[in-house]
file query-v4.cif (mmCIF, C-alpha atoms)
data_data
loop_
_atom_site.group_PDB
_atom_site.id
_atom_site.type_symbol
_atom_site.label_atom_id
_atom_site.label_comp_id
_atom_site.auth_asym_id
_atom_site.auth_seq_id
_atom_site.Cartn_x
_atom_site.Cartn_y
_atom_site.Cartn_z
ATOM 1 C CA MET A 207 35.567 -72.177 -25.247
ATOM 2 C CA THR A 208 32.182 -71.112 -23.907
ATOM 3 C CA TYR A 209 29.409 -70.288 -26.373
ATOM 4 C CA THR A 210 26.506 -67.983 -25.640
ATOM 5 C CA VAL A 211 23.329 -69.589 -26.932
ATOM 6 C CA GLY A 212 20.319 -67.342 -27.274
ATOM 7 C CA TYR A 213 17.160 -69.367 -27.022
ATOM 8 C CA ILE A 214 13.855 -68.243 -28.453
ATOM 9 C CA VAL A 215 10.673 -69.774 -27.072
ATOM 10 C CA GLY A 216 8.000 -69.767 -29.782
ATOM 11 C CA SER A 217 5.149 -69.494 -27.280
ATOM 12 C CA LEU A 218 4.230 -66.213 -25.615
ATOM 13 C CA SER A 219 2.749 -67.994 -22.573
ATOM 14 C CA GLN A 220 4.783 -67.746 -19.380
ATOM 15 C CA LYS A 221 3.440 -71.211 -18.441
ATOM 16 C CA SER A 222 4.361 -72.754 -21.789
ATOM 17 C CA ILE A 223 5.614 -76.330 -21.684
ATOM 18 C CA ASN A 224 8.239 -75.207 -24.203
ATOM 19 C CA ARG A 225 9.438 -72.566 -21.743
ATOM 20 C CA THR A 226 9.657 -75.369 -19.152
ATOM 21 C CA LEU A 227 11.643 -77.447 -21.657
ATOM 22 C CA ALA A 228 13.984 -74.480 -22.259
ATOM 23 C CA LEU A 229 14.551 -74.197 -18.495
ATOM 24 C CA ALA A 230 15.398 -77.913 -18.331
ATOM 25 C CA LEU A 231 17.826 -77.544 -21.235
ATOM 26 C CA SER A 232 19.493 -74.586 -19.482
ATOM 27 C CA ARG A 233 20.003 -76.745 -16.404
ATOM 28 C CA LEU A 234 21.370 -79.668 -18.454
ATOM 29 C CA ALA A 235 23.650 -77.606 -20.691
ATOM 30 C CA PRO A 236 27.315 -78.606 -20.691
ATOM 31 C CA PRO A 237 29.840 -76.062 -19.368
ATOM 32 C CA GLU A 238 30.622 -74.969 -22.954
ATOM 33 C CA LEU A 239 27.086 -73.606 -23.437
ATOM 34 C CA ARG A 240 25.564 -70.640 -21.649
ATOM 35 C CA LEU A 241 21.842 -70.435 -22.504
ATOM 36 C CA THR A 242 20.034 -67.101 -22.288
ATOM 37 C CA GLU A 243 16.490 -66.351 -23.381
ATOM 38 C CA ILE A 244 15.906 -63.826 -26.144
ATOM 39 C CA PRO A 245 12.304 -62.742 -25.531
ATOM 40 C CA ILE A 246 9.902 -62.084 -28.394
ATOM 41 C CA ASP A 247 6.793 -61.045 -26.469
ATOM 42 C CA LYS A 248 7.269 -57.265 -26.849
ATOM 43 C CA LEU A 249 7.833 -57.255 -30.620
ATOM 44 C CA PRO A 250 5.059 -55.505 -32.565
ATOM 45 C CA LEU A 251 3.779 -57.099 -35.752
ATOM 46 C CA TYR A 252 6.383 -56.604 -38.450
ATOM 47 C CA SER A 253 5.664 -54.206 -41.311
ATOM 48 C CA HIS A 254 8.210 -52.789 -43.737
ATOM 49 C CA ASP A 255 6.767 -49.386 -42.792
ATOM 50 C CA HIS A 256 8.970 -49.660 -39.669
ATOM 51 C CA ASP A 257 12.209 -50.116 -41.636
ATOM 52 C CA PRO A 258 13.176 -46.425 -41.936
ATOM 53 C CA ASN A 259 12.622 -45.847 -38.204
ATOM 54 C CA TYR A 260 13.367 -49.237 -36.675
ATOM 55 C CA PRO A 261 11.692 -49.644 -33.247
ATOM 56 C CA ALA A 262 14.048 -49.855 -30.249
ATOM 57 C CA VAL A 263 12.494 -53.137 -29.063
ATOM 58 C CA ALA A 264 13.196 -54.729 -32.449
ATOM 59 C CA GLN A 265 16.768 -53.408 -32.475
ATOM 60 C CA GLU A 266 17.335 -54.801 -28.960
ATOM 61 C CA PHE A 267 16.037 -58.171 -30.211
ATOM 62 C CA LYS A 268 18.435 -58.097 -33.177
ATOM 63 C CA ASP A 269 21.319 -57.010 -30.935
ATOM 64 C CA ALA A 270 20.659 -59.989 -28.622
ATOM 65 C CA ILE A 271 20.849 -62.327 -31.615
ATOM 66 C CA LYS A 272 24.078 -60.664 -32.795
ATOM 67 C CA ALA A 273 25.587 -61.092 -29.309
ATOM 68 C CA SER A 274 24.786 -64.823 -29.335
ATOM 69 C CA ASP A 275 27.173 -67.372 -30.770
ATOM 70 C CA ALA A 276 24.272 -69.683 -31.645
ATOM 71 C CA LEU A 277 20.487 -69.934 -31.409
ATOM 72 C CA LEU A 278 18.152 -72.562 -30.003
ATOM 73 C CA PHE A 279 14.541 -72.416 -31.161
ATOM 74 C CA VAL A 280 12.180 -74.050 -28.630
ATOM 75 C CA THR A 281 8.801 -74.083 -30.284
ATOM 76 C CA PRO A 282 5.324 -75.482 -29.906
ATOM 77 C CA GLU A 283 3.229 -76.506 -32.891
ATOM 78 C CA TYR A 284 0.155 -74.415 -33.673
ATOM 79 C CA ASN A 285 -2.167 -75.786 -36.368
ATOM 80 C CA ARG A 286 0.624 -77.928 -37.872
ATOM 81 C CA SER A 287 3.050 -74.991 -38.138
ATOM 82 C CA ILE A 288 5.038 -72.536 -36.040
ATOM 83 C CA PRO A 289 3.325 -69.916 -33.882
ATOM 84 C CA GLY A 290 2.715 -66.534 -35.521
ATOM 85 C CA ALA A 291 4.794 -64.828 -32.818
ATOM 86 C CA LEU A 292 7.848 -66.882 -33.801
ATOM 87 C CA LYS A 293 7.422 -66.130 -37.508
ATOM 88 C CA ASN A 294 7.039 -62.449 -36.621
ATOM 89 C CA ALA A 295 10.304 -62.561 -34.629
ATOM 90 C CA ILE A 296 12.125 -64.162 -37.568
ATOM 91 C CA ASP A 297 10.796 -61.430 -39.861
ATOM 92 C CA TRP A 298 12.143 -58.747 -37.487
ATOM 93 C CA ALA A 299 15.515 -60.537 -37.315
ATOM 94 C CA THR A 300 15.927 -60.446 -41.093
ATOM 95 C CA ARG A 301 14.791 -56.876 -41.767
ATOM 96 C CA PRO A 302 15.316 -54.338 -43.107
ATOM 97 C CA TYR A 303 16.574 -55.901 -46.308
ATOM 98 C CA GLY A 304 20.311 -56.486 -46.111
ATOM 99 C CA ALA A 305 20.416 -56.625 -42.294
ATOM 100 C CA ASN A 306 19.718 -60.321 -41.628
ATOM 101 C CA VAL A 307 21.208 -61.231 -38.228
ATOM 102 C CA LEU A 308 20.315 -64.920 -38.637
ATOM 103 C CA ALA A 309 22.660 -65.487 -41.587
ATOM 104 C CA GLY A 310 25.455 -67.868 -40.650
ATOM 105 C CA LYS A 311 24.286 -68.229 -37.033
ATOM 106 C CA PRO A 312 24.436 -71.925 -35.964
ATOM 107 C CA ALA A 313 21.031 -73.062 -34.731
ATOM 108 C CA ALA A 314 19.066 -76.020 -33.444
ATOM 109 C CA ILE A 315 15.350 -76.664 -33.087
ATOM 110 C CA ILE A 316 13.487 -78.545 -30.381
ATOM 111 C CA GLY A 317 9.894 -78.565 -29.211
ATOM 112 C CA ALA A 318 7.408 -80.140 -26.860
ATOM 113 C CA SER A 319 3.741 -81.011 -27.189
ATOM 114 C CA PRO A 320 1.373 -83.379 -25.380
ATOM 115 C CA GLY A 321 0.653 -85.170 -28.672
ATOM 116 C CA PRO A 322 2.526 -88.260 -29.870
ATOM 117 C CA ILE A 323 4.037 -86.564 -32.961
ATOM 118 C CA SER A 324 4.970 -83.605 -30.772
ATOM 119 C CA THR A 325 6.208 -80.676 -32.867
ATOM 120 C CA ALA A 326 7.466 -82.574 -35.918
ATOM 121 C CA VAL A 327 5.493 -80.619 -38.524
ATOM 122 C CA ALA A 328 6.242 -77.211 -36.968
ATOM 123 C CA GLN A 329 9.942 -78.055 -36.871
ATOM 124 C CA GLN A 330 9.932 -78.980 -40.556
ATOM 125 C CA HIS A 331 8.306 -75.640 -41.394
ATOM 126 C CA LEU A 332 10.826 -73.811 -39.228
ATOM 127 C CA LYS A 333 13.733 -75.598 -40.950
ATOM 128 C CA THR A 334 12.391 -74.396 -44.312
ATOM 129 C CA ILE A 335 12.162 -70.798 -43.083
ATOM 130 C CA LEU A 336 15.622 -70.872 -41.502
ATOM 131 C CA SER A 337 17.094 -72.383 -44.658
ATOM 132 C CA PHE A 338 15.947 -69.288 -46.539
ATOM 133 C CA THR A 339 17.509 -67.020 -43.889
ATOM 134 C CA ASN A 340 20.864 -68.808 -44.389
ATOM 135 C CA THR A 341 20.867 -70.182 -40.843
ATOM 136 C CA PRO A 342 22.791 -73.482 -40.515
ATOM 137 C CA VAL A 343 20.402 -75.713 -38.569
ATOM 138 C CA MET A 344 21.533 -78.926 -36.876
ATOM 139 C CA GLY A 345 19.961 -81.812 -38.782
ATOM 140 C CA GLN A 346 20.478 -84.647 -36.295
ATOM 141 C CA PRO A 347 19.439 -85.586 -33.746
ATOM 142 C CA GLU A 348 15.896 -84.345 -34.144
ATOM 143 C CA ALA A 349 14.095 -83.704 -30.865
ATOM 144 C CA TYR A 350 10.321 -84.002 -30.612
ATOM 145 C CA ILE A 351 9.459 -84.177 -26.920
ATOM 146 C CA GLN A 352 6.080 -85.639 -25.969
ATOM 147 C CA PHE A 353 5.392 -83.639 -22.832
ATOM 148 C CA THR A 354 3.574 -85.830 -20.345
ATOM 149 C CA LYS A 355 2.407 -84.800 -16.878
ATOM 150 C CA GLY A 356 5.367 -84.785 -14.506
ATOM 151 C CA LEU A 357 8.053 -85.126 -17.209
ATOM 152 C CA ILE A 358 9.697 -81.845 -16.128
ATOM 153 C CA ASP A 359 8.881 -80.094 -12.863
ATOM 154 C CA ASP A 360 8.486 -76.331 -12.391
ATOM 155 C CA ASN A 361 12.179 -75.998 -11.474
ATOM 156 C CA GLY A 362 13.282 -77.521 -14.786
ATOM 157 C CA ASP A 363 14.231 -80.878 -13.286
ATOM 158 C CA ILE A 364 13.559 -83.790 -15.616
ATOM 159 C CA GLN A 365 11.910 -86.737 -13.906
ATOM 160 C CA ALA A 366 12.551 -89.404 -16.578
ATOM 161 C CA PRO A 367 16.183 -90.640 -16.785
ATOM 162 C CA SER A 368 15.727 -91.607 -20.446
ATOM 163 C CA THR A 369 14.694 -88.022 -21.283
ATOM 164 C CA THR A 370 17.673 -86.640 -19.369
ATOM 165 C CA GLU A 371 19.978 -88.970 -21.300
ATOM 166 C CA PHE A 372 18.426 -88.039 -24.657
ATOM 167 C CA LEU A 373 18.538 -84.277 -24.007
ATOM 168 C CA THR A 374 22.123 -84.478 -22.732
ATOM 169 C CA GLY A 375 23.106 -86.163 -25.992
ATOM 170 C CA TYR A 376 21.133 -83.574 -27.953
ATOM 171 C CA LEU A 377 23.035 -80.739 -26.244
ATOM 172 C CA ARG A 378 26.380 -82.474 -26.895
ATOM 173 C CA ALA A 379 25.483 -82.727 -30.590
ATOM 174 C CA PHE A 380 24.435 -79.072 -30.601
ATOM 175 C CA THR A 381 27.763 -78.082 -29.048
ATOM 176 C CA ALA A 382 29.593 -79.945 -31.839
ATOM 177 C CA HIS A 383 27.350 -78.247 -34.432
ATOM 178 C CA ILE A 384 28.216 -74.830 -32.986
ATOM 179 C CA ARG A 385 31.948 -75.621 -33.079
ATOM 180 C CA ARG A 386 31.679 -76.613 -36.747
ATOM 181 C CA HIS A 387 29.712 -73.547 -37.808
ATOM 182 C CA HIS A 388 30.691 -70.757 -35.430
ATOM 183 C CA HIS A 389 32.482 -67.947 -37.188
ATOM 184 C CA ASP A 390 32.061 -64.234 -37.686
ATOM 185 C CA LEU A 391 30.201 -63.288 -40.828
ATOM 186 C CA PRO A 392 29.523 -59.794 -42.087
ATOM 187 C CA ASP A 393 25.907 -58.644 -41.932
ATOM 188 C CA LEU A 394 24.077 -59.629 -45.085
#
call {"tool": "encode", "arguments": {"input": "query-v4.cif", "output": "structure tokens"}}
result
Amino acid sequence: MTYTVGYIVGSLSQKSINRTLALALSRLAPPELRLTEIPIDKLPLYSHDHDPNYPAVAQEFKDAIKASDALLFVTPEYNRSIPGALKNAIDWATRPYGANVLAGKPAAIIGASPGPISTAVAQQHLKTILSFTNTPVMGQPEAYIQFTKGLIDDNGDIQAPSTTEFLTGYLRAFTAHIRRHHHDLPDL
């Protein structure tokens, strides 16, 4: 079976190292996974004032999540947490009340940063948020990629064999996680 995995890049920058990491993951994905980006850059700031007349861009975002069998969050770390744009996207995905499209959706988290602890703190915050949204997140392996110059080229080709091996194993584990948790749930 082939699973559609919607990936959400937490950075709005088109030159984001996390976007580069997402490209590399798309190229490494096993045949069972088809990765497609779900963009968040056009979402306005969430306010419950929008709930009665939900914006089309937000509905398209939610529809893309609904059409995905699983989600992959590829996020940087901003000030020891997730970027505001990513939190905003999660708020749109779970609103209005009772229309949470993240509930029951198998997910995984990965991130890249130049620093030695990479995105460890941001990922922990994101796991807490996704736990509240009832999103089953893969616990192991954790993936904190220290993004060094030349690690991944502009085409998404990984230059370090050890990184290729690690990310291939990560994607295999994610595939198994999706198989365990993929099922149709009613909207909550």
call {"tool": "resolve_selection", "arguments": {"input": "query-v4.cif", "expression": "the PyMOL selection byres ((chain A and resi 251) around 12)", "output": "PDB file with C-alpha atoms, in the frame of the given file"}}
result
ATOM      1  CA  ILE A 246       9.902 -62.084 -28.394  1.00  0.00           C
ATOM      2  CA  ASP A 247       6.793 -61.045 -26.469  1.00  0.00           C
ATOM      3  CA  LYS A 248       7.269 -57.265 -26.849  1.00  0.00           C
ATOM      4  CA  LEU A 249       7.833 -57.255 -30.620  1.00  0.00           C
ATOM      5  CA  PRO A 250       5.059 -55.505 -32.565  1.00  0.00           C
ATOM      6  CA  TYR A 252       6.383 -56.604 -38.450  1.00  0.00           C
ATOM      7  CA  SER A 253       5.664 -54.206 -41.311  1.00  0.00           C
ATOM      8  CA  HIS A 254       8.210 -52.789 -43.737  1.00  0.00           C
ATOM      9  CA  ASP A 255       6.767 -49.386 -42.792  1.00  0.00           C
ATOM     10  CA  HIS A 256       8.970 -49.660 -39.669  1.00  0.00           C
ATOM     11  CA  PRO A 261      11.692 -49.644 -33.247  1.00  0.00           C
ATOM     12  CA  VAL A 263      12.494 -53.137 -29.063  1.00  0.00           C
ATOM     13  CA  ALA A 264      13.196 -54.729 -32.449  1.00  0.00           C
ATOM     14  CA  GLY A 290       2.715 -66.534 -35.521  1.00  0.00           C
ATOM     15  CA  ALA A 291       4.794 -64.828 -32.818  1.00  0.00           C
ATOM     16  CA  LEU A 292       7.848 -66.882 -33.801  1.00  0.00           C
ATOM     17  CA  LYS A 293       7.422 -66.130 -37.508  1.00  0.00           C
ATOM     18  CA  ASN A 294       7.039 -62.449 -36.621  1.00  0.00           C
ATOM     19  CA  ALA A 295      10.304 -62.561 -34.629  1.00  0.00           C
ATOM     20  CA  ILE A 296      12.125 -64.162 -37.568  1.00  0.00           C
ATOM     21  CA  ASP A 297      10.796 -61.430 -39.861  1.00  0.00           C
ATOM     22  CA  TRP A 298      12.143 -58.747 -37.487  1.00  0.00           C
TER      23      TRP A 298
END
call {"tool": "axis_aligned_box", "arguments": {"input": "query-v4.cif", "around": "range 305-324 of chain A", "padding_each_side": "6 Å", "output": "JSON"}}
result
{"center_x": 13.1, "center_y": -72.4, "center_z": -33.8, "size_x": 36.8, "size_y": 43.6, "size_z": 28.9}
call {"tool": "atom_distance", "arguments": {"input": "query-v4.cif", "atom1": "CA of Ile323 in chain A", "atom2": "CA of Glu283 in chain A"}}
result
10.1 Å
call {"tool": "resolve_selection", "arguments": {"input": "query-v4.cif", "expression": "the PyMOL selection byres ((chain A and resi 217) around 7)", "output": "short mmCIF file (atom, residue, chain, number, x, y, z; two decimals) with C-alpha atoms, in the frame of the given file"}}
result
data_model
loop_
_atom_site.label_atom_id
_atom_site.label_comp_id
_atom_site.auth_asym_id
_atom_site.auth_seq_id
_atom_site.Cartn_x
_atom_site.Cartn_y
_atom_site.Cartn_z
CA VAL A 215 10.67 -69.77 -27.07
CA GLY A 216 8.00 -69.77 -29.78
CA LEU A 218 4.23 -66.21 -25.62
CA SER A 219 2.75 -67.99 -22.57
CA SER A 222 4.36 -72.75 -21.79
CA THR A 281 8.80 -74.08 -30.28
CA PRO A 282 5.32 -75.48 -29.91
CA PRO A 289 3.32 -69.92 -33.88
#
call {"tool": "residues_around", "arguments": {"input": "query-v4.cif", "residues": "range 225-232 of chain A", "least_positions_apart": "5", "cutoff": "7 Å", "atoms": "only C-alpha atoms", "output": "VMD selection string"}}
result
chain A and resid 215 241 280 360 362 to 364
call {"tool": "closest_residue", "arguments": {"input": "query-v4.cif", "among": "A:Pro245, A:Pro258, A:Pro236, A:Gly356", "to": "Ala379 in chain A", "atoms": "only C-alpha atoms"}}
result
A:Pro236
call {"tool": "residues_around", "arguments": {"input": "query-v4.cif", "residues": "Thr341 in chain A", "least_positions_apart": "5", "cutoff": "7 Å", "atoms": "only C-alpha atoms", "output": "MDAnalysis selection string"}}
result
chainID A and resid 308:313 336
call {"tool": "closest_residue", "arguments": {"input": "query-v4.cif", "among": "A:Val307, A:Asn224, A:Pro342, A:Lys333", "to": "Arg385 in chain A", "atoms": "all atoms listed in the file"}}
result
A:Pro342
call {"tool": "resolve_selection", "arguments": {"input": "query-v4.cif", "expression": "the PyMOL selection byres ((chain A and resi 325) around 9)", "output": "PyMOL selection string"}}
result
chain A and resi 281-284+286-288+316-319+321-324+326-330+349-352
call {"tool": "closest_residue", "arguments": {"input": "query-v4.cif", "among": "A:Ile223, A:Leu332, A:Leu377, A:Ile384", "to": "Pro237 in chain A", "atoms": "all atoms listed in the file"}}
result
A:Leu377
call {"tool": "atom_distance", "arguments": {"input": "query-v4.cif", "atom1": "CA of Thr374 in chain A", "atom2": "CA of Ala235 in chain A"}}
result
7.3 Å
call {"tool": "atom_distance", "arguments": {"input": "query-v4.cif", "atom1": "CA of Asp359 in chain A", "atom2": "CA of Ala314 in chain A"}}
result
23.3 Å
call {"tool": "closest_residue", "arguments": {"input": "query-v4.cif", "among": "A:Asp275, A:Lys355, A:Gly304, A:Ala299", "to": "Arg386 in chain A", "atoms": "only C-alpha atoms"}}
result
A:Asp275
call {"tool": "decode", "arguments": {"input": "query-v4.cif", "residues": "range 271-283 of chain A", "atoms": "all heavy atoms", "output": "PDB file, in the first residue's frame"}}
result
ATOM      1  N   ILE A 271      -4.626  18.258   4.659  1.00  0.00           N
ATOM      2  CA  ILE A 271      -4.336  17.374   5.789  1.00  0.00           C
ATOM      3  C   ILE A 271      -5.277  16.169   5.755  1.00  0.00           C
ATOM      4  O   ILE A 271      -4.846  15.026   5.915  1.00  0.00           O
ATOM      5  CB  ILE A 271      -4.433  18.135   7.126  1.00  0.00           C
ATOM      6  CG1 ILE A 271      -3.291  19.151   7.233  1.00  0.00           C
ATOM      7  CG2 ILE A 271      -4.413  17.163   8.306  1.00  0.00           C
ATOM      8  CD1 ILE A 271      -3.398  20.085   8.420  1.00  0.00           C
ATOM      9  N   LYS A 272      -6.568  16.417   5.530  1.00  0.00           N
ATOM     10  CA  LYS A 272      -7.541  15.323   5.461  1.00  0.00           C
ATOM     11  C   LYS A 272      -7.178  14.317   4.373  1.00  0.00           C
ATOM     12  O   LYS A 272      -7.342  13.113   4.548  1.00  0.00           O
ATOM     13  CB  LYS A 272      -8.944  15.865   5.176  1.00  0.00           C
ATOM     14  CG  LYS A 272      -9.644  16.476   6.340  1.00  0.00           C
ATOM     15  CD  LYS A 272     -11.040  16.914   5.899  1.00  0.00           C
ATOM     16  CE  LYS A 272     -11.734  17.714   6.953  1.00  0.00           C
ATOM     17  NZ  LYS A 272     -13.055  18.188   6.492  1.00  0.00           N
ATOM     18  N   ALA A 273      -6.670  14.817   3.241  1.00  0.00           N
ATOM     19  CA  ALA A 273      -6.330  13.944   2.107  1.00  0.00           C
ATOM     20  C   ALA A 273      -5.047  13.158   2.343  1.00  0.00           C
ATOM     21  O   ALA A 273      -4.755  12.214   1.603  1.00  0.00           O
ATOM     22  CB  ALA A 273      -6.203  14.781   0.830  1.00  0.00           C
ATOM     23  N   SER A 274      -4.295  13.508   3.362  1.00  0.00           N
ATOM     24  CA  SER A 274      -3.037  12.819   3.672  1.00  0.00           C
ATOM     25  C   SER A 274      -3.301  11.652   4.618  1.00  0.00           C
ATOM     26  O   SER A 274      -4.122  11.747   5.519  1.00  0.00           O
ATOM     27  CB  SER A 274      -2.054  13.791   4.338  1.00  0.00           C
ATOM     28  OG  SER A 274      -1.763  14.862   3.477  1.00  0.00           O
ATOM     29  N   ASP A 275      -2.555  10.578   4.396  1.00  0.00           N
ATOM     30  CA  ASP A 275      -2.648   9.433   5.297  1.00  0.00           C
ATOM     31  C   ASP A 275      -1.852   9.657   6.575  1.00  0.00           C
ATOM     32  O   ASP A 275      -2.137   9.048   7.607  1.00  0.00           O
ATOM     33  CB  ASP A 275      -2.126   8.173   4.600  1.00  0.00           C
ATOM     34  CG  ASP A 275      -2.964   7.809   3.389  1.00  0.00           C
ATOM     35  OD1 ASP A 275      -4.203   7.757   3.517  1.00  0.00           O
ATOM     36  OD2 ASP A 275      -2.379   7.587   2.311  1.00  0.00           O
ATOM     37  N   ALA A 276      -0.837  10.522   6.494  1.00  0.00           N
ATOM     38  CA  ALA A 276       0.041  10.795   7.628  1.00  0.00           C
ATOM     39  C   ALA A 276       0.665  12.170   7.424  1.00  0.00           C
ATOM     40  O   ALA A 276       0.597  12.744   6.332  1.00  0.00           O
ATOM     41  CB  ALA A 276       1.128   9.734   7.734  1.00  0.00           C
ATOM     42  N   LEU A 277       1.301  12.676   8.486  1.00  0.00           N
ATOM     43  CA  LEU A 277       1.952  13.981   8.434  1.00  0.00           C
ATOM     44  C   LEU A 277       3.391  13.887   8.913  1.00  0.00           C
ATOM     45  O   LEU A 277       3.695  13.144   9.848  1.00  0.00           O
ATOM     46  CB  LEU A 277       1.208  14.982   9.321  1.00  0.00           C
ATOM     47  CG  LEU A 277      -0.229  15.302   8.942  1.00  0.00           C
ATOM     48  CD1 LEU A 277      -0.892  16.150  10.019  1.00  0.00           C
ATOM     49  CD2 LEU A 277      -0.279  16.009   7.593  1.00  0.00           C
ATOM     50  N   LEU A 278       4.243  14.664   8.274  1.00  0.00           N
ATOM     51  CA  LEU A 278       5.641  14.790   8.688  1.00  0.00           C
ATOM     52  C   LEU A 278       5.894  16.261   8.947  1.00  0.00           C
ATOM     53  O   LEU A 278       5.754  17.094   8.049  1.00  0.00           O
ATOM     54  CB  LEU A 278       6.576  14.261   7.598  1.00  0.00           C
ATOM     55  CG  LEU A 278       8.072  14.379   7.879  1.00  0.00           C
ATOM     56  CD1 LEU A 278       8.471  13.566   9.110  1.00  0.00           C
ATOM     57  CD2 LEU A 278       8.867  13.920   6.655  1.00  0.00           C
ATOM     58  N   PHE A 279       6.235  16.589  10.188  1.00  0.00           N
ATOM     59  CA  PHE A 279       6.557  17.960  10.561  1.00  0.00           C
ATOM     60  C   PHE A 279       8.074  18.128  10.489  1.00  0.00           C
ATOM     61  O   PHE A 279       8.811  17.417  11.175  1.00  0.00           O
ATOM     62  CB  PHE A 279       6.058  18.272  11.974  1.00  0.00           C
ATOM     63  CG  PHE A 279       4.566  18.290  12.085  1.00  0.00           C
ATOM     64  CD1 PHE A 279       3.854  17.133  12.349  1.00  0.00           C
ATOM     65  CD2 PHE A 279       3.868  19.476  11.895  1.00  0.00           C
ATOM     66  CE1 PHE A 279       2.474  17.144  12.444  1.00  0.00           C
ATOM     67  CE2 PHE A 279       2.480  19.501  11.985  1.00  0.00           C
ATOM     68  CZ  PHE A 279       1.780  18.338  12.258  1.00  0.00           C
ATOM     69  N   VAL A 280       8.527  19.054   9.644  1.00  0.00           N
ATOM     70  CA  VAL A 280       9.957  19.325   9.451  1.00  0.00           C
ATOM     71  C   VAL A 280      10.169  20.747   9.951  1.00  0.00           C
ATOM     72  O   VAL A 280       9.818  21.708   9.272  1.00  0.00           O
ATOM     73  CB  VAL A 280      10.354  19.189   7.962  1.00  0.00           C
ATOM     74  CG1 VAL A 280      11.863  19.313   7.800  1.00  0.00           C
ATOM     75  CG2 VAL A 280       9.850  17.877   7.383  1.00  0.00           C
ATOM     76  N   THR A 281      10.717  20.867  11.153  1.00  0.00           N
ATOM     77  CA  THR A 281      10.701  22.184  11.780  1.00  0.00           C
ATOM     78  C   THR A 281      12.052  22.663  12.286  1.00  0.00           C
ATOM     79  O   THR A 281      12.832  21.881  12.826  1.00  0.00           O
ATOM     80  CB  THR A 281       9.687  22.221  12.944  1.00  0.00           C
ATOM     81  OG1 THR A 281       9.578  23.565  13.428  1.00  0.00           O
ATOM     82  CG2 THR A 281      10.094  21.301  14.079  1.00  0.00           C
ATOM     83  N   PRO A 282      12.300  23.953  12.132  1.00  0.00           N
ATOM     84  CA  PRO A 282      13.453  24.547  12.795  1.00  0.00           C
ATOM     85  C   PRO A 282      13.109  24.814  14.265  1.00  0.00           C
ATOM     86  O   PRO A 282      11.980  24.555  14.702  1.00  0.00           O
ATOM     87  CB  PRO A 282      13.660  25.866  12.040  1.00  0.00           C
ATOM     88  CG  PRO A 282      12.312  26.236  11.537  1.00  0.00           C
ATOM     89  CD  PRO A 282      11.600  24.925  11.284  1.00  0.00           C
ATOM     90  N   GLU A 283      14.084  25.336  14.980  1.00  0.00           N
ATOM     91  CA  GLU A 283      13.862  25.748  16.365  1.00  0.00           C
ATOM     92  C   GLU A 283      14.086  27.248  16.430  1.00  0.00           C
ATOM     93  O   GLU A 283      15.147  27.735  16.038  1.00  0.00           O
ATOM     94  CB  GLU A 283      14.844  25.016  17.294  1.00  0.00           C
ATOM     95  CG  GLU A 283      14.639  25.362  18.755  1.00  0.00           C
ATOM     96  CD  GLU A 283      15.422  24.440  19.673  1.00  0.00           C
ATOM     97  OE1 GLU A 283      15.157  23.224  19.662  1.00  0.00           O
ATOM     98  OE2 GLU A 283      16.298  24.952  20.387  1.00  0.00           O
TER      99      GLU A 283
END
